[in-house]
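Colleague: Sharing a structure below in structure tokens format, with a few things to ask.
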Amino acid sequence: MVRFVEIFIILIVLLGLLFDYTNGFHDAANVVSTVIATGVLAPISAIVMAGVLNFIGATQISGVAETIATGLVQAQEASQLAILSALIGAIFWNFLTWYYGIPSSSSYALIGGLIGAAWVHEGATTVIWSGVIYKVILPMFISPIVGFLIAYGLMKGLYYYLNQRQAGHGEGIFRHLQIGSACFVALSHGLNDAQKSMGIITLGLFAGGYLHTPHIPLWVILTCAVVMGLGTASGGFRIIRSMGFAITKLEPVQGFAAELSASAVILTASFLGIPVSSTQMIAGSITGVGTAKSLQAVSWKVPQKFLYTWVLTLPGAGIVGALVYFMSAWIGSLW
């Protein structure tokens, strides 16, 4: 007879992969929105490109998976039910925001769900608050600002470069350069975002006694990489419209600057083990290049709406994760 522990493990793996998939199609907009908005690539070509490079990026291990598995909650105190509750909270938040076309952060949805469920399970002491503060909360506010500033400075420099040339001379090259920068965004997205699913599945395997140490198995890496690529390839056109067209009107040179800025911050954060939000990075960078043109070039109501969503994501997913854990534990006690 299959034991409850084995059932929980199967559910954790399946829901971890489902979250990985929703992360892919939800955040596909972050990867391809700019290159589609500028007309450099057709939507299908852009999404296929992103799916392949998401897979490649996901197979390259960074410190992000370790942060999720051991840096936010005490791995020894984590229960399988808490991890399942965290995944349900994150998946619910992803579907809810995808349905309304809101580019929220899958990363912070998962982290919020994990913190909420772990808190209800063992109390506030099971949360590693230093990790939450320094690797989640501070980067959540700082990283999009850094992306904005880099994109703003780079765009100003490119405007100066183009102004030194004849009208239209040199602008065409950015259509080719933007394809390269879009590839970097897709690669960095896989490197950072897929690691979160790997980390939560590994934590579940460790909590169930299937791993002696929270070390990521090869099969988890490869499976999450494939599912992330498939999720991205399935697209996310609701959010593409919000991200690529609503903040500011993008041209290839602006798309190149936004993508290059965002991918630089995401790659740096990945190697530092910081699970940043690719959604925030792309939106911050697009706002930066729009501001470099003029304040009037940015529809400020759109970033303002995104900001509200980002602030609500961590506690919102945390509350859902906590409620799921509470209800599941209560139902279990009746048996």
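Going through the structure tokens in order, the chains are called A, B, and so on, while each chain numbers its residues from 1 and the ligands are numbered from 1 in the order shown.
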Per residue of segment 192-232 of chain A within 6 Å of segment 18-27 of chain A, what are the shortest atom pair and its distance in Å to one decimal, counting only C-alpha atoms, with rows by chain and residue number, as JSON lines?

Modeller:
{"residue": "A:Ser197", "atom": "CA", "partner": "A:Asp20", "partner_atom": "CA", "distance": 5.7}
{"residue": "A:Val227", "atom": "CA", "partner": "A:Tyr21", "partner_atom": "CA", "distance": 5.6}
{"residue": "A:Met228", "atom": "CA", "partner": "A:Gly24", "partner_atom": "CA", "distance": 5.1}
{"residue": "A:Gly231", "atom": "CA", "partner": "A:Gly24", "partner_atom": "CA", "distance": 4.2}
{"residue": "A:Thr232", "atom": "CA", "partner": "A:Gly24", "partner_atom": "CA", "distance": 4.1}

Colleague: Find the residues near Ala186 of chain A: any atom within 12 Å, counting only C-alpha atoms, skip ones fewer than 3 places away on the same chain, and give them as a PyMOL selection string.

Modeller: chain A and resi 24+27-35+46-58+179-183+189-194+228-229+232-233+259-260+262-264+266-267+278+282

Colleague: Taking C-alpha atoms for each residue, export the selection above as a PDB file, in the first residue's frame.

Modeller:
ATOM      1  CA  GLY A  24       7.145  29.607 -17.675  1.00  0.00           C
ATOM      2  CA  ASP A  27       6.761  34.954 -17.199  1.00  0.00           C
ATOM      3  CA  ALA A  28       7.088  34.324 -20.941  1.00  0.00           C
ATOM      4  CA  ALA A  29       5.950  37.924 -21.320  1.00  0.00           C
ATOM      5  CA  ASN A  30       9.035  39.118 -19.470  1.00  0.00           C
ATOM      6  CA  VAL A  31      11.264  37.291 -21.902  1.00  0.00           C
ATOM      7  CA  VAL A  32       9.574  38.164 -25.195  1.00  0.00           C
ATOM      8  CA  SER A  33       7.432  41.255 -24.643  1.00  0.00           C
ATOM      9  CA  THR A  34      10.024  43.787 -25.750  1.00  0.00           C
ATOM     10  CA  VAL A  35      11.204  41.918 -28.837  1.00  0.00           C
ATOM     11  CA  ALA A  46      10.070  34.873 -30.019  1.00  0.00           C
ATOM     12  CA  ILE A  47       8.301  32.375 -27.766  1.00  0.00           C
ATOM     13  CA  VAL A  48      10.055  29.346 -29.321  1.00  0.00           C
ATOM     14  CA  MET A  49      13.407  31.110 -28.918  1.00  0.00           C
ATOM     15  CA  ALA A  50      12.593  31.903 -25.305  1.00  0.00           C
ATOM     16  CA  GLY A  51      11.502  28.340 -24.593  1.00  0.00           C
ATOM     17  CA  VAL A  52      14.751  26.843 -25.883  1.00  0.00           C
ATOM     18  CA  LEU A  53      16.979  29.321 -24.038  1.00  0.00           C
ATOM     19  CA  ASN A  54      14.913  29.020 -20.863  1.00  0.00           C
ATOM     20  CA  PHE A  55      15.664  25.297 -20.955  1.00  0.00           C
ATOM     21  CA  ILE A  56      19.392  25.883 -21.466  1.00  0.00           C
ATOM     22  CA  GLY A  57      19.515  28.470 -18.675  1.00  0.00           C
ATOM     23  CA  ALA A  58      17.594  26.195 -16.323  1.00  0.00           C
ATOM     24  CA  ILE A 179      17.661  39.497 -30.801  1.00  0.00           C
ATOM     25  CA  GLY A 180      20.898  38.865 -28.916  1.00  0.00           C
ATOM     26  CA  SER A 181      19.745  40.786 -25.843  1.00  0.00           C
ATOM     27  CA  ALA A 182      16.408  38.931 -25.877  1.00  0.00           C
ATOM     28  CA  CYS A 183      18.382  35.673 -25.851  1.00  0.00           C
ATOM     29  CA  HIS A 189      15.233  33.858 -16.749  1.00  0.00           C
ATOM     30  CA  GLY A 190      15.852  30.111 -16.901  1.00  0.00           C
ATOM     31  CA  LEU A 191      18.947  30.433 -14.732  1.00  0.00           C
ATOM     32  CA  ASN A 192      17.064  32.270 -11.980  1.00  0.00           C
ATOM     33  CA  ASP A 193      13.421  31.232 -12.162  1.00  0.00           C
ATOM     34  CA  ALA A 194      13.695  27.493 -12.813  1.00  0.00           C
ATOM     35  CA  MET A 228      10.155  25.524 -17.733  1.00  0.00           C
ATOM     36  CA  GLY A 229      10.956  25.491 -21.457  1.00  0.00           C
ATOM     37  CA  THR A 232       7.562  29.415 -21.781  1.00  0.00           C
ATOM     38  CA  ALA A 233       6.880  27.975 -25.239  1.00  0.00           C
ATOM     39  CA  GLU A 259      16.725  43.688 -22.237  1.00  0.00           C
ATOM     40  CA  LEU A 260      20.448  44.135 -21.749  1.00  0.00           C
ATOM     41  CA  ALA A 262      17.431  43.483 -17.085  1.00  0.00           C
ATOM     42  CA  SER A 263      19.479  40.418 -18.026  1.00  0.00           C
ATOM     43  CA  ALA A 264      22.636  41.910 -16.465  1.00  0.00           C
ATOM     44  CA  ILE A 266      19.167  38.915 -13.250  1.00  0.00           C
ATOM     45  CA  LEU A 267      22.420  37.101 -14.100  1.00  0.00           C
ATOM     46  CA  SER A 278      12.280  38.826 -13.815  1.00  0.00           C
ATOM     47  CA  ILE A 282      11.883  43.880 -17.245  1.00  0.00           C
TER      48      ILE A 282
END

Colleague: Using atom CA of Gly153 of chain A and atom CA of Gly255 of chain A as the two end points, give the distance in Å to one decimal.

Modeller: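 Between atom CA of Gly153 of chain A and atom CA of Gly255 of chain A the gap is 14.0 Å.
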
Colleague: Quick one: residues within 10 Å of Gly316 of chain A, only C-alpha atoms counted, chain neighbours fewer than 6 positions away excluded, as a ChimeraX atom specification?

Modeller: /A:89-90,93,108-109,112-113,116,309-310,322

Colleague: With only C-alpha atoms as the basis for distance, which of A:Lys293, A:Arg165, A:His212, A:Lys305 is at the shortest distance from Ile102 of chain A?

Modeller: A:Lys305

Colleague: Just want the 6 Å neighbourhood of Thr38 of chain A, counted on only C-alpha atoms, with same-chain residues fewer than 3 positions away dropped. Output as a list in words.

Modeller: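 Residues meeting the cut-off are Val35, Leu250, Glu251 and Pro252 of chain A.
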
Colleague: Among segment 174-216 of chain A, which ones does DSSP assign to helix (DSSP H, G or I) (computed from the backbone)? Answer as a ChimeraX atom specification.

Modeller: /A:174-207

Colleague: Let me see the file: selected residues, N, CA and C atoms, as an mmCIF file, in the first residue's frame.

Modeller:
data_model
loop_
_atom_site.group_PDB
_atom_site.id
_atom_site.type_symbol
_atom_site.label_atom_id
_atom_site.label_comp_id
_atom_site.auth_asym_id
_atom_site.auth_seq_id
_atom_site.Cartn_x
_atom_site.Cartn_y
_atom_site.Cartn_z
ATOM 1 N N PHE A 174 20.366 47.818 -34.304
ATOM 2 C CA PHE A 174 19.751 47.446 -33.026
ATOM 3 C C PHE A 174 18.647 46.410 -33.201
ATOM 4 N N ARG A 175 18.134 46.253 -34.406
ATOM 5 C CA ARG A 175 17.175 45.165 -34.644
ATOM 6 C C ARG A 175 17.879 43.822 -34.483
ATOM 7 N N HIS A 176 19.134 43.748 -34.935
ATOM 8 C CA HIS A 176 19.906 42.511 -34.779
ATOM 9 C C HIS A 176 20.404 42.362 -33.346
ATOM 10 N N LEU A 177 20.847 43.468 -32.771
ATOM 11 C CA LEU A 177 21.348 43.407 -31.393
ATOM 12 C C LEU A 177 20.244 43.028 -30.415
ATOM 13 N N GLN A 178 19.023 43.437 -30.714
ATOM 14 C CA GLN A 178 17.939 43.129 -29.782
ATOM 15 C C GLN A 178 17.633 41.638 -29.733
ATOM 16 N N ILE A 179 17.851 40.947 -30.832
ATOM 17 C CA ILE A 179 17.661 39.497 -30.801
ATOM 18 C C ILE A 179 18.646 38.874 -29.820
ATOM 19 N N GLY A 180 19.899 39.365 -29.851
ATOM 20 C CA GLY A 180 20.898 38.865 -28.916
ATOM 21 C C GLY A 180 20.554 39.189 -27.473
ATOM 22 N N SER A 181 20.087 40.408 -27.215
ATOM 23 C CA SER A 181 19.745 40.786 -25.843
ATOM 24 C C SER A 181 18.516 40.024 -25.351
ATOM 25 N N ALA A 182 17.574 39.735 -26.258
ATOM 26 C CA ALA A 182 16.408 38.931 -25.877
ATOM 27 C C ALA A 182 16.837 37.515 -25.492
ATOM 28 N N CYS A 183 17.843 36.997 -26.189
ATOM 29 C CA CYS A 183 18.382 35.673 -25.851
ATOM 30 C C CYS A 183 18.984 35.683 -24.448
ATOM 31 N N PHE A 184 19.674 36.764 -24.096
ATOM 32 C CA PHE A 184 20.258 36.869 -22.760
ATOM 33 C C PHE A 184 19.167 36.903 -21.689
ATOM 34 N N VAL A 185 18.068 37.602 -21.967
ATOM 35 C CA VAL A 185 16.961 37.651 -21.004
ATOM 36 C C VAL A 185 16.384 36.255 -20.801
ATOM 37 N N ALA A 186 16.165 35.522 -21.891
ATOM 38 C CA ALA A 186 15.618 34.172 -21.797
ATOM 39 C C ALA A 186 16.559 33.250 -21.027
ATOM 40 N N LEU A 187 17.845 33.364 -21.302
ATOM 41 C CA LEU A 187 18.841 32.538 -20.621
ATOM 42 C C LEU A 187 18.867 32.848 -19.126
ATOM 43 N N SER A 188 18.873 34.136 -18.792
ATOM 44 C CA SER A 188 18.937 34.539 -17.387
ATOM 45 C C SER A 188 17.650 34.180 -16.653
ATOM 46 N N HIS A 189 16.508 34.243 -17.365
ATOM 47 C CA HIS A 189 15.233 33.858 -16.749
ATOM 48 C C HIS A 189 15.262 32.387 -16.342
ATOM 49 N N GLY A 190 15.747 31.528 -17.237
ATOM 50 C CA GLY A 190 15.852 30.111 -16.901
ATOM 51 C C GLY A 190 16.821 29.864 -15.762
ATOM 52 N N LEU A 191 17.923 30.605 -15.759
ATOM 53 C CA LEU A 191 18.947 30.433 -14.732
ATOM 54 C C LEU A 191 18.428 30.815 -13.354
ATOM 55 N N ASN A 192 17.566 31.815 -13.277
ATOM 56 C CA ASN A 192 17.064 32.270 -11.980
ATOM 57 C C ASN A 192 15.740 31.615 -11.613
ATOM 58 N N ASP A 193 14.781 31.650 -12.523
ATOM 59 C CA ASP A 193 13.421 31.232 -12.162
ATOM 60 C C ASP A 193 13.254 29.724 -12.024
ATOM 61 N N ALA A 194 13.859 28.944 -12.912
ATOM 62 C CA ALA A 194 13.695 27.493 -12.813
ATOM 63 C C ALA A 194 14.333 26.947 -11.541
ATOM 64 N N GLN A 195 15.326 27.658 -11.011
ATOM 65 C CA GLN A 195 15.993 27.214 -9.788
ATOM 66 C C GLN A 195 15.026 27.167 -8.602
ATOM 67 N N LYS A 196 14.010 28.010 -8.632
ATOM 68 C CA LYS A 196 13.075 28.061 -7.504
ATOM 69 C C LYS A 196 12.258 26.780 -7.422
ATOM 70 N N SER A 197 11.827 26.268 -8.570
ATOM 71 C CA SER A 197 11.103 25.010 -8.584
ATOM 72 C C SER A 197 12.008 23.864 -8.146
ATOM 73 N N MET A 198 13.241 23.890 -8.608
ATOM 74 C CA MET A 198 14.206 22.861 -8.193
ATOM 75 C C MET A 198 14.393 22.879 -6.680
ATOM 76 N N GLY A 199 14.493 24.081 -6.129
ATOM 77 C CA GLY A 199 14.711 24.222 -4.697
ATOM 78 C C GLY A 199 13.548 23.710 -3.881
ATOM 79 N N ILE A 200 12.307 24.027 -4.293
ATOM 80 C CA ILE A 200 11.139 23.626 -3.503
ATOM 81 C C ILE A 200 10.911 22.121 -3.599
ATOM 82 N N ILE A 201 11.167 21.520 -4.769
ATOM 83 C CA ILE A 201 11.038 20.066 -4.908
ATOM 84 C C ILE A 201 12.098 19.363 -4.065
ATOM 85 N N THR A 202 13.322 19.889 -4.088
ATOM 86 C CA THR A 202 14.401 19.311 -3.282
ATOM 87 C C THR A 202 14.081 19.394 -1.795
ATOM 88 N N LEU A 203 13.521 20.515 -1.366
ATOM 89 C CA LEU A 203 13.124 20.673 0.029
ATOM 90 C C LEU A 203 12.065 19.640 0.402
ATOM 91 N N GLY A 204 11.126 19.380 -0.502
ATOM 92 C CA GLY A 204 10.106 18.376 -0.252
ATOM 93 C C GLY A 204 10.684 16.975 -0.150
ATOM 94 N N LEU A 205 11.629 16.651 -1.022
ATOM 95 C CA LEU A 205 12.288 15.340 -0.972
ATOM 96 C C LEU A 205 13.074 15.176 0.330
ATOM 97 N N PHE A 206 13.706 16.257 0.768
ATOM 98 C CA PHE A 206 14.467 16.207 2.020
ATOM 99 C C PHE A 206 13.527 16.048 3.215
ATOM 100 N N ALA A 207 12.426 16.790 3.210
ATOM 101 C CA ALA A 207 11.464 16.707 4.312
ATOM 102 C C ALA A 207 10.837 15.323 4.397
#

Colleague: Can you pull out every residue within 8 Å of Gly321 of chain A, counting only C-alpha atoms, but drop anything in the same chain fewer than 2 positions away, and send it as a PyMOL selection string?

Modeller: chain A and resi 82+85-90+112-114+116-117+317-319+323-325

Colleague: What does the distance between atom CA of Leu218 of chain A and atom CA of Lys135 of chain A come to in Å, to one decimal place?

Modeller: 25.1 Å

Colleague: Closest to Leu96 of chain A among A:Ser285, A:Thr313, A:Thr126, A:Ser328, using only C-alpha atoms?

Modeller: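 Counting only C-alpha atoms, the residue closest to Leu96 of chain A is A:Thr313.
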
Colleague: Pick out the closest residue to Val320 of chain A from this set: A:Trp119, A:Phe92, A:Phe8, A:Tyr159. Count only C-alpha atoms.

Modeller: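 Residue with the minimum atom-to-atom distance to Val320 of chain A: A:Phe92.
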
Colleague: Could you name the residues that touch Val73 of chain A at 10 Å or less, counting only C-alpha atoms, but leaving out those on the same chain fewer than 2 positions away, as a ChimeraX atom specification?

Modeller: /A:67-71,75-78,111,114-115,118-119,124-129,131-132,203

Colleague: Which residue is closest to Thr268 of chain A? Choose from A:Val64, A:Ile173, A:Ala297, A:Leu312 and count only C-alpha atoms.

Modeller: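 Ranked by minimum distance to Thr268 of chain A, first place goes to A:Val64.
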
Colleague: Record the distance separating atom CA of Ala151 of chain A and atom CA of Ile137 of chain A, expressed in Å with one decimal.

Modeller: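 A separation of 22.1 Å between them.
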